[in-house]
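Shown next: data-v2.txt, containing compact mmCIF, C-alpha atoms (C1' of nucleotides).
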```txt
# COMPACT_ATOMS: atom_id res chain seq x y z
CA MET A 1 77.63 63.44 6.88
CA ASP A 2 78.18 66.98 8.16
CA ARG A 3 81.59 68.43 7.54
CA GLN A 4 83.24 71.67 8.46
CA PRO A 5 83.04 74.15 5.56
CA ALA A 6 86.69 75.09 6.15
CA GLU A 7 87.76 71.49 5.68
CA LEU A 8 85.84 71.27 2.42
CA ASP A 9 87.23 74.57 1.19
CA HIS A 10 90.69 73.14 1.58
CA PHE A 11 89.75 70.28 -0.73
CA ARG A 12 87.95 72.54 -3.19
CA ALA A 13 91.12 74.61 -3.47
CA LEU A 14 93.27 71.50 -3.87
CA LEU A 15 91.07 70.25 -6.69
CA GLN A 16 90.88 73.65 -8.36
CA GLY A 17 94.66 74.00 -8.26
CA TYR A 18 95.10 70.60 -9.86
CA MET A 19 92.54 71.36 -12.55
CA ASP A 20 94.14 74.73 -13.34
CA LYS A 21 97.56 73.16 -13.59
CA LYS A 22 96.28 70.48 -15.98
CA GLY A 23 93.98 72.74 -17.99
CA LEU A 24 90.90 70.76 -16.95
CA ARG A 25 87.45 72.31 -17.15
CA SER A 26 84.83 72.91 -14.55
CA THR A 27 81.56 71.46 -15.79
CA ASP A 28 78.15 71.24 -14.18
CA GLN A 29 78.44 67.48 -13.84
CA ARG A 30 81.83 67.65 -12.26
CA LYS A 31 80.70 70.27 -9.76
CA LEU A 32 77.61 68.27 -8.92
CA ILE A 33 79.50 65.02 -8.45
CA VAL A 34 82.21 66.61 -6.34
CA GLU A 35 79.78 68.42 -4.05
CA THR A 36 77.65 65.31 -3.73
CA PHE A 37 80.74 63.38 -2.76
CA PHE A 38 81.72 66.01 -0.19
CA HIS A 39 78.35 65.70 1.50
CA ALA A 40 77.88 61.97 1.15
CA ASP A 41 78.53 59.39 3.83
CA ASN A 42 82.04 58.21 4.13
CA HIS A 43 82.98 55.08 2.15
CA VAL A 44 80.48 55.72 -0.65
CA SER A 45 80.58 53.37 -3.58
CA ILE A 46 80.29 54.63 -7.14
CA GLU A 47 76.82 53.17 -7.34
CA GLU A 48 75.58 54.94 -4.21
CA LEU A 49 77.11 58.20 -5.31
CA LEU A 50 75.60 57.91 -8.78
CA ALA A 51 72.16 57.43 -7.24
CA GLN A 52 72.56 60.59 -5.18
CA VAL A 53 73.87 62.53 -8.17
CA ARG A 54 70.97 61.39 -10.32
CA ALA A 55 68.52 62.62 -7.71
CA HIS A 56 69.67 66.09 -8.79
CA ASP A 57 70.29 65.38 -12.45
CA PRO A 58 69.09 62.04 -13.84
CA ARG A 59 71.06 62.41 -17.04
CA VAL A 60 74.52 62.00 -15.53
CA GLY A 61 76.24 58.86 -16.86
CA TYR A 62 78.12 56.48 -14.63
CA ALA A 63 81.32 56.81 -16.65
CA THR A 64 81.40 60.44 -15.60
CA VAL A 65 81.20 59.48 -11.95
CA TYR A 66 84.03 56.97 -12.39
CA ARG A 67 86.12 59.57 -14.17
CA THR A 68 85.46 62.27 -11.61
CA LEU A 69 86.26 60.08 -8.63
CA LYS A 70 89.45 58.95 -10.32
CA LEU A 71 90.31 62.62 -10.71
CA LEU A 72 89.67 63.23 -7.02
CA ALA A 73 91.92 60.33 -6.12
CA GLU A 74 94.65 61.60 -8.45
CA CYS A 75 94.78 65.04 -6.95
CA GLY A 76 94.74 63.81 -3.37
CA VAL A 77 91.20 64.81 -2.45
CA ALA A 78 89.85 61.27 -2.13
CA ASN A 79 91.25 57.84 -1.34
CA GLU A 80 90.15 54.63 -2.98
CA ARG A 81 89.43 51.76 -0.65
CA ARG A 82 88.48 48.18 -1.24
CA PHE A 83 86.97 46.22 1.62
CA GLY A 84 86.55 42.66 0.35
CA ASP A 85 82.99 43.11 -1.01
CA GLY A 86 84.19 43.69 -4.58
CA LEU A 87 83.27 47.36 -4.69
CA THR A 88 85.62 50.32 -4.70
CA ARG A 89 84.68 52.89 -2.12
CA TYR A 90 85.91 56.43 -1.68
CA GLU A 91 86.57 58.62 1.28
CA LEU A 92 87.86 62.13 1.83
CA ALA A 93 91.66 61.93 1.93
CA ASP A 94 91.96 63.86 5.13
CA ASP A 95 89.69 61.53 7.04
CA ALA A 96 91.78 58.58 6.04
CA THR A 97 94.83 59.71 7.96
CA HIS A 98 92.91 59.88 11.17
CA HIS A 99 90.95 56.70 11.39
CA ASP A 100 90.98 53.07 10.39
CA HIS A 101 88.35 50.39 10.03
CA LEU A 102 86.72 47.44 11.69
CA ILE A 103 84.86 45.40 9.09
CA CYS A 104 82.30 42.76 9.92
CA VAL A 105 82.72 39.68 7.73
CA GLU A 106 79.09 38.74 8.29
CA CYS A 107 76.99 41.90 7.90
CA HIS A 108 79.70 43.96 6.13
CA SER A 109 79.20 46.88 8.48
CA ILE A 110 82.11 49.29 8.79
CA THR A 111 83.11 50.91 12.06
CA GLU A 112 85.83 53.52 12.32
CA PHE A 113 88.44 53.60 15.04
CA GLU A 114 91.29 55.89 16.01
CA GLU A 115 94.44 54.80 17.79
CA PRO A 116 97.22 57.37 17.81
CA ARG A 117 99.66 54.91 19.34
CA ILE A 118 99.30 52.67 16.31
CA GLU A 119 99.98 55.66 14.07
CA GLU A 120 103.13 56.44 16.00
CA LEU A 121 104.39 52.88 15.73
CA GLN A 122 103.56 52.90 12.05
CA GLU A 123 105.75 55.92 11.51
CA LYS A 124 108.49 54.29 13.50
CA VAL A 125 108.34 51.22 11.25
CA ALA A 126 108.47 53.38 8.13
CA ARG A 127 111.50 55.22 9.45
CA LYS A 128 113.25 51.98 10.28
CA TYR A 129 112.92 50.88 6.64
CA GLY A 130 113.88 54.29 5.22
CA PHE A 131 110.38 54.45 3.79
CA GLU A 132 108.72 57.77 2.91
CA LEU A 133 105.19 57.20 4.21
CA ARG A 134 102.34 58.49 2.08
CA SER A 135 99.27 56.71 3.34
CA HIS A 136 98.16 53.53 4.98
CA LYS A 137 95.35 51.06 5.29
CA HIS A 138 94.61 49.29 8.52
CA GLU A 139 91.60 47.05 8.51
CA LEU A 140 90.45 44.65 11.19
CA TYR A 141 88.20 41.87 9.93
CA GLY A 142 85.98 39.89 12.24
CA VAL A 143 82.48 39.55 13.62
CA CYS A 144 80.83 42.63 15.08
CA SER A 145 79.09 42.47 18.42
CA SER A 146 75.60 42.57 16.94
CA CYS A 147 76.33 39.61 14.63
CA GLN A 148 77.76 37.69 17.60
CA LYS A 149 74.51 38.35 19.42
CA LYS A 150 72.43 37.19 16.43
CA ARG A 151 74.50 34.05 16.32
CA ARG A 152 73.91 33.23 19.98
CA THR A 153 70.16 33.69 19.68
CA GLY A 154 70.09 31.42 16.62
CA ASN A 155 70.22 34.10 13.90
CA MET B 1 109.85 29.94 -0.51
CA ASP B 2 111.07 27.42 2.02
CA ARG B 3 108.70 26.61 4.80
CA GLN B 4 108.88 24.37 7.82
CA PRO B 5 107.26 21.01 7.11
CA ALA B 6 105.56 21.14 10.53
CA GLU B 7 103.92 24.43 9.66
CA LEU B 8 102.62 22.99 6.40
CA ASP B 9 101.38 19.83 8.09
CA HIS B 10 99.25 21.98 10.32
CA PHE B 11 97.62 23.50 7.25
CA ARG B 12 97.26 20.16 5.49
CA ALA B 13 95.40 18.87 8.54
CA LEU B 14 93.23 21.98 8.69
CA LEU B 15 92.25 21.56 5.04
CA GLN B 16 91.68 17.84 5.39
CA GLY B 17 89.44 18.37 8.40
CA TYR B 18 87.39 20.91 6.51
CA MET B 19 87.08 18.67 3.48
CA ASP B 20 86.03 15.68 5.59
CA LYS B 21 83.43 17.73 7.38
CA LYS B 22 81.98 18.98 4.10
CA GLY B 23 82.30 15.70 2.22
CA LEU B 24 84.71 17.21 -0.32
CA ARG B 25 87.03 15.01 -2.36
CA SER B 26 90.75 14.90 -2.69
CA THR B 27 91.58 15.04 -6.37
CA ASP B 28 94.90 15.14 -8.19
CA GLN B 29 94.33 18.73 -9.28
CA ARG B 30 93.41 19.87 -5.81
CA LYS B 31 96.48 18.23 -4.32
CA LEU B 32 98.72 19.71 -6.98
CA ILE B 33 97.31 23.22 -6.60
CA VAL B 34 97.48 23.13 -2.82
CA GLU B 35 101.05 21.86 -2.72
CA THR B 36 102.12 24.33 -5.36
CA PHE B 37 100.57 27.10 -3.30
CA PHE B 38 102.36 25.88 -0.17
CA HIS B 39 105.71 26.10 -1.89
CA ALA B 40 105.10 29.26 -3.91
CA ASP B 41 106.30 32.72 -3.01
CA ASN B 42 104.11 34.64 -0.69
CA HIS B 43 101.49 36.91 -2.28
CA VAL B 44 101.01 34.77 -5.38
CA SER B 45 98.34 35.79 -7.81
CA ILE B 46 96.03 33.25 -9.42
CA GLU B 47 97.81 33.77 -12.71
CA GLU B 48 101.25 33.10 -11.28
CA LEU B 49 100.02 30.06 -9.43
CA LEU B 50 98.28 28.70 -12.51
CA ALA B 51 101.53 29.00 -14.47
CA GLN B 52 103.39 27.00 -11.83
CA VAL B 53 100.64 24.41 -11.66
CA ARG B 54 100.62 24.02 -15.43
CA ALA B 55 104.35 23.37 -15.39
CA HIS B 56 103.41 20.07 -13.74
CA ASP B 57 100.12 19.47 -15.49
CA PRO B 58 99.24 21.71 -18.43
CA ARG B 59 95.65 20.57 -18.52
CA VAL B 60 94.54 22.23 -15.30
CA GLY B 61 91.90 24.89 -15.95
CA TYR B 62 91.98 28.29 -14.30
CA ALA B 63 88.51 27.87 -12.85
CA THR B 64 89.89 25.01 -10.78
CA VAL B 65 92.62 27.22 -9.38
CA TYR B 66 90.08 29.89 -8.49
CA ARG B 67 87.85 27.30 -6.85
CA THR B 68 90.69 25.72 -4.91
CA LEU B 69 92.07 29.01 -3.60
CA LYS B 70 88.60 30.04 -2.57
CA LEU B 71 88.37 26.77 -0.68
CA LEU B 72 91.69 27.47 1.05
CA ALA B 73 90.47 30.91 2.06
CA GLU B 74 87.19 29.46 3.37
CA CYS B 75 88.84 26.94 5.64
CA GLY B 76 91.36 29.40 7.00
CA VAL B 77 94.47 28.10 5.25
CA ALA B 78 94.95 31.12 3.00
CA ASN B 79 94.09 34.81 3.10
CA GLU B 80 93.01 36.87 0.14
CA ARG B 81 94.77 40.19 -0.28
CA ARG B 82 94.35 43.04 -2.70
CA PHE B 83 97.14 45.57 -3.01
CA GLY B 84 95.75 48.19 -5.38
CA ASP B 85 97.03 46.56 -8.62
CA GLY B 86 93.69 44.96 -9.44
CA LEU B 87 94.82 41.40 -8.74
CA THR B 88 93.82 39.20 -5.85
CA ARG B 89 96.80 37.64 -4.16
CA TYR B 90 96.96 34.84 -1.62
CA GLU B 91 99.17 34.11 1.33
CA LEU B 92 99.35 31.40 3.96
CA ALA B 93 96.98 32.42 6.76
CA ASP B 94 99.51 31.90 9.48
CA ASP B 95 102.02 34.24 7.91
CA ALA B 96 99.41 36.94 7.72
CA THR B 97 98.97 37.14 11.46
CA HIS B 98 102.64 37.77 11.98
CA HIS B 99 103.60 40.36 9.47
CA ASP B 100 102.27 43.30 7.54
CA HIS B 101 103.37 45.19 4.45
CA LEU B 102 105.22 48.22 3.23
CA ILE B 103 104.26 48.84 -0.39
CA CYS B 104 106.22 51.14 -2.65
CA VAL B 105 103.90 53.26 -4.78
CA GLU B 106 106.64 53.73 -7.38
CA CYS B 107 108.28 50.33 -7.95
CA HIS B 108 105.44 48.27 -6.34
CA SER B 109 107.92 46.30 -4.25
CA ILE B 110 106.51 44.69 -1.13
CA THR B 111 108.44 44.55 2.13
CA GLU B 112 107.19 42.70 5.17
CA PHE B 113 107.41 44.03 8.69
CA GLU B 114 106.55 42.77 12.14
CA GLU B 115 105.53 44.92 15.07
CA PRO B 116 104.06 43.04 18.02
CA ARG B 117 103.12 46.25 19.77
CA ILE B 118 100.82 47.14 16.88
CA GLU B 119 99.24 43.70 17.13
CA GLU B 120 98.61 44.18 20.81
CA LEU B 121 96.97 47.55 20.25
CA GLN B 122 94.90 46.07 17.47
CA GLU B 123 93.53 43.43 19.79
CA LYS B 124 92.81 46.08 22.35
CA VAL B 125 90.81 48.06 19.79
CA ALA B 126 88.84 44.97 18.78
CA ARG B 127 88.02 44.23 22.39
CA LYS B 128 86.91 47.79 22.99
CA TYR B 129 84.33 47.43 20.19
CA GLY B 130 83.26 43.92 21.22
CA PHE B 131 84.62 42.69 17.93
CA GLU B 132 85.66 39.07 17.42
CA LEU B 133 88.89 39.53 15.48
CA ARG B 134 89.54 37.11 12.62
CA SER B 135 92.25 38.73 10.56
CA HIS B 136 93.63 42.09 9.60
CA LYS B 137 95.37 44.03 6.88
CA HIS B 138 97.87 46.68 7.66
CA GLU B 139 99.56 48.25 4.68
CA LEU B 140 101.88 51.22 4.60
CA TYR B 141 102.07 52.95 1.24
CA GLY B 142 104.95 55.22 0.33
CA VAL B 143 108.27 55.46 -1.45
CA CYS B 144 110.91 52.85 -0.63
CA SER B 145 114.46 53.93 0.07
CA SER B 146 115.80 52.74 -3.27
CA CYS B 147 113.20 54.73 -5.20
CA GLN B 148 114.04 57.79 -3.11
CA LYS B 149 117.66 57.31 -4.10
CA LYS B 150 116.77 56.96 -7.78
CA ARG B 151 114.76 60.14 -7.52
CA ARG B 152 117.65 62.13 -6.02
CA THR B 153 120.08 60.99 -8.71
CA GLY B 154 117.57 61.96 -11.42
CA ASN B 155 115.97 58.54 -11.97
C1' DC C 1 87.03 78.26 -32.27
C1' DT C 2 89.45 74.58 -29.84
C1' DC C 3 89.90 70.93 -27.20
C1' DA C 4 88.27 68.87 -22.77
C1' DT C 5 84.10 66.54 -21.34
C1' DT C 6 79.96 63.95 -21.65
C1' DG C 7 76.76 59.96 -22.36
C1' DC C 8 76.21 56.01 -24.48
C1' DA C 9 77.42 51.59 -25.81
C1' DA C 10 80.91 48.51 -26.62
C1' DA C 11 85.29 46.68 -24.76
C1' DT C 12 88.17 44.86 -20.93
C1' DA C 13 89.60 42.29 -17.05
C1' DA C 14 88.98 39.52 -13.25
C1' DT C 15 86.18 36.18 -11.48
C1' DT C 16 82.12 33.03 -11.45
C1' DT C 17 78.97 29.72 -13.28
C1' DG C 18 76.42 26.07 -16.23
C1' DC C 19 76.94 21.90 -18.00
C1' DA C 20 78.53 17.60 -19.96
C1' DT C 21 81.99 14.50 -18.72
C1' DG C 22 85.24 12.42 -15.54
C1' DT C 23 86.29 10.24 -11.10
C1' DA C 24 86.86 9.63 -5.80
C1' DA C 25 84.78 7.18 -2.27
C1' DT D 1 76.93 3.94 -8.05
C1' DT D 2 76.53 8.57 -6.36
C1' DA D 3 77.41 13.03 -6.20
C1' DC D 4 81.46 15.97 -6.13
C1' DA D 5 85.08 17.90 -9.28
C1' DT D 6 86.90 19.30 -13.63
C1' DG D 7 87.55 21.88 -18.01
C1' DC D 8 85.67 24.54 -21.12
C1' DA D 9 83.13 28.28 -22.69
C1' DA D 10 79.74 31.48 -21.72
C1' DA D 11 78.04 34.70 -18.15
C1' DT D 12 78.69 38.17 -14.71
C1' DT D 13 80.55 42.24 -12.42
C1' DA D 14 83.15 46.22 -11.97
C1' DT D 15 85.52 49.37 -14.52
C1' DT D 16 87.47 51.54 -18.77
C1' DT D 17 87.39 53.25 -23.37
C1' DG D 18 86.02 54.88 -28.26
C1' DC D 19 83.45 58.08 -30.36
C1' DA D 20 80.18 61.50 -31.91
C1' DA D 21 78.01 65.31 -29.86
C1' DT D 22 78.29 69.06 -26.42
C1' DG D 23 80.06 72.95 -24.08
C1' DA D 24 83.82 75.60 -21.31
C1' DG D 25 87.22 78.96 -21.79
```

Here is the file; what I need is its structure written in the form of structure tokens.
Amino acid sequence: MDRQPAELDHFRALLQGYMDKKGLRSTDQRKLIVETFFHADNHVSIEELLAQVRAHDPRVGYATVYRTLKLLAECGVANERRFGDGLTRYELADDATHHDHLICVECHSITEFEEPRIEELQEKVARKYGFELRSHKHELYGVCSSCQKKRRTGN
Amino acid sequence: MDRQPAELDHFRALLQGYMDKKGLRSTDQRKLIVETFFHADNHVSIEELLAQVRAHDPRVGYATVYRTLKLLAECGVANERRFGDGLTRYELADDATHHDHLICVECHSITEFEEPRIEELQEKVARKYGFELRSHKHELYGVCSSCQKKRRTGN
DNA sequence: CTCATTGCAAATAATTTGCATGTAA
DNA sequence: TTACATGCAAATTATTTGCAATGAG
């Protein structure tokens, strides 16, 4: 996935600020994992990310990837997401505020959608309940058009 | 939670139809678990449900509860939900289509909301992508008004 | 130097499964 | 009587943690 460098710099700064504040250290593994995450497809699982990381350095352990992604989630750079397949997936925090997901219950494909009017209504709901909105998940589950097609032609 | 008997009868029939079709049997445990689920609070976890079931029959195993709830999800009577606390929770399928959730990230309280205009837009999105909509999750995460209050008064 | 970080393996936690026994139809 | 269902314990899966060794600041 190609991202704008400026967008990534924002997240690099956010992470750096958090690490400085907490006295955390910048190691080779951490840098590698973070940059790999920044350039990976959206909704990567730990497993997928680990594979990509190991392509550069086979000695990285999976616990380190778990720990690093947890760090990214903590400091607001990444969001954890769970779409019914039992795996935790991660996406850049910024992306999350601008799109939601259609998830196929048959082939597990994930399609993103944007609907500003839903976001507006969402904010209205939050206001009505005196709720300070931080983030949201909006997932539509169903059968994607290509699986419907497969079904009609007898799989 | 008090429900309308008619609403529950609909689900009993749905389950029965599914069981007949598949040649599944109606056992005491299954009946007990299903009825306990029907009368439990919304968003019960397996653990909570098992405790309530065991109040009536202490010999029920947890595997049976897992299997039964999976059956309910399969036949469209219940929906599985995961709200970031690591537990799978279940709710009556019908309820799920009519409300969504505000989740407090501080006290973990869950508030339900309804917004038909969001549902309409959701269907519109699904149609646009040729998606056959089955269910959805819409969760707003943030700080509830009572936690905001606590925060202002210094916890 | 000091203390955070790493990699490994072992520990957890939630859920699933194998199997002998029980039981609905 | 025939398989489906149950309860238990063991297996699986994803994730977390303890710890000795490593390395950043």

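Atom CA of B:Leu49 sits 6.8 Å away from atom CA of B:Phe37.
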
Need to verify the contact set: stretch 116-128 of chain B, 12 Å, all atoms listed in the file, exclusion of same-chain residues closer than 6 positions in sequence. Can you return it as a PyMOL selection string? (chain A and resi 100-104+111-125+138-145) or (chain B and resi 96-100+134-138)

Of the candidates B:Arg81, B:Thr153, B:Ala63, B:Tyr90, which one gets nearest to chain A if we count all atoms listed in the file?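 Closest candidate: B:Arg81.
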
Report as a PyMOL selection string the set of chain A residues whose atoms approach chain C to within 9 Å, with distances computed over all atoms listed in the file. chain A and resi 23-25+27+29+59-64

Return the single residue from B:Phe131, B:Phe11, B:Phe38, B:Tyr66 that is closest to A:Glu106, with distances computed using all atoms listed in the file.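 Closest residue, counting all atoms listed in the file: B:Phe131.
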
Return as a PyMOL selection string the residues belonging to chain D that are within 8 Å of chain B, counting only C-alpha atoms (C1' of nucleotides). chain D and resi 4-7

Have a look at atom CA of B:Arg89 and atom CA of B:Val44 and let me know their distance in Å, one decimal. 5.2 Å

For atom CA of B:Leu14 and atom CA of B:Gly76, the interatomic separation in Å (one decimal):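 Going from atom CA of B:Leu14 over to atom CA of B:Gly76 covers 7.8 Å.
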
Select, counting only C-alpha atoms (C1' of nucleotides), all protein, DNA and RNA residues no farther than 8 Å from (98.5, 22.3, 2.6) in file coordinates, and express the selection as JSON, numbers by chain. {"B": [8, 9, 10, 11, 12, 13, 15, 34, 35, 37, 38, 77]}
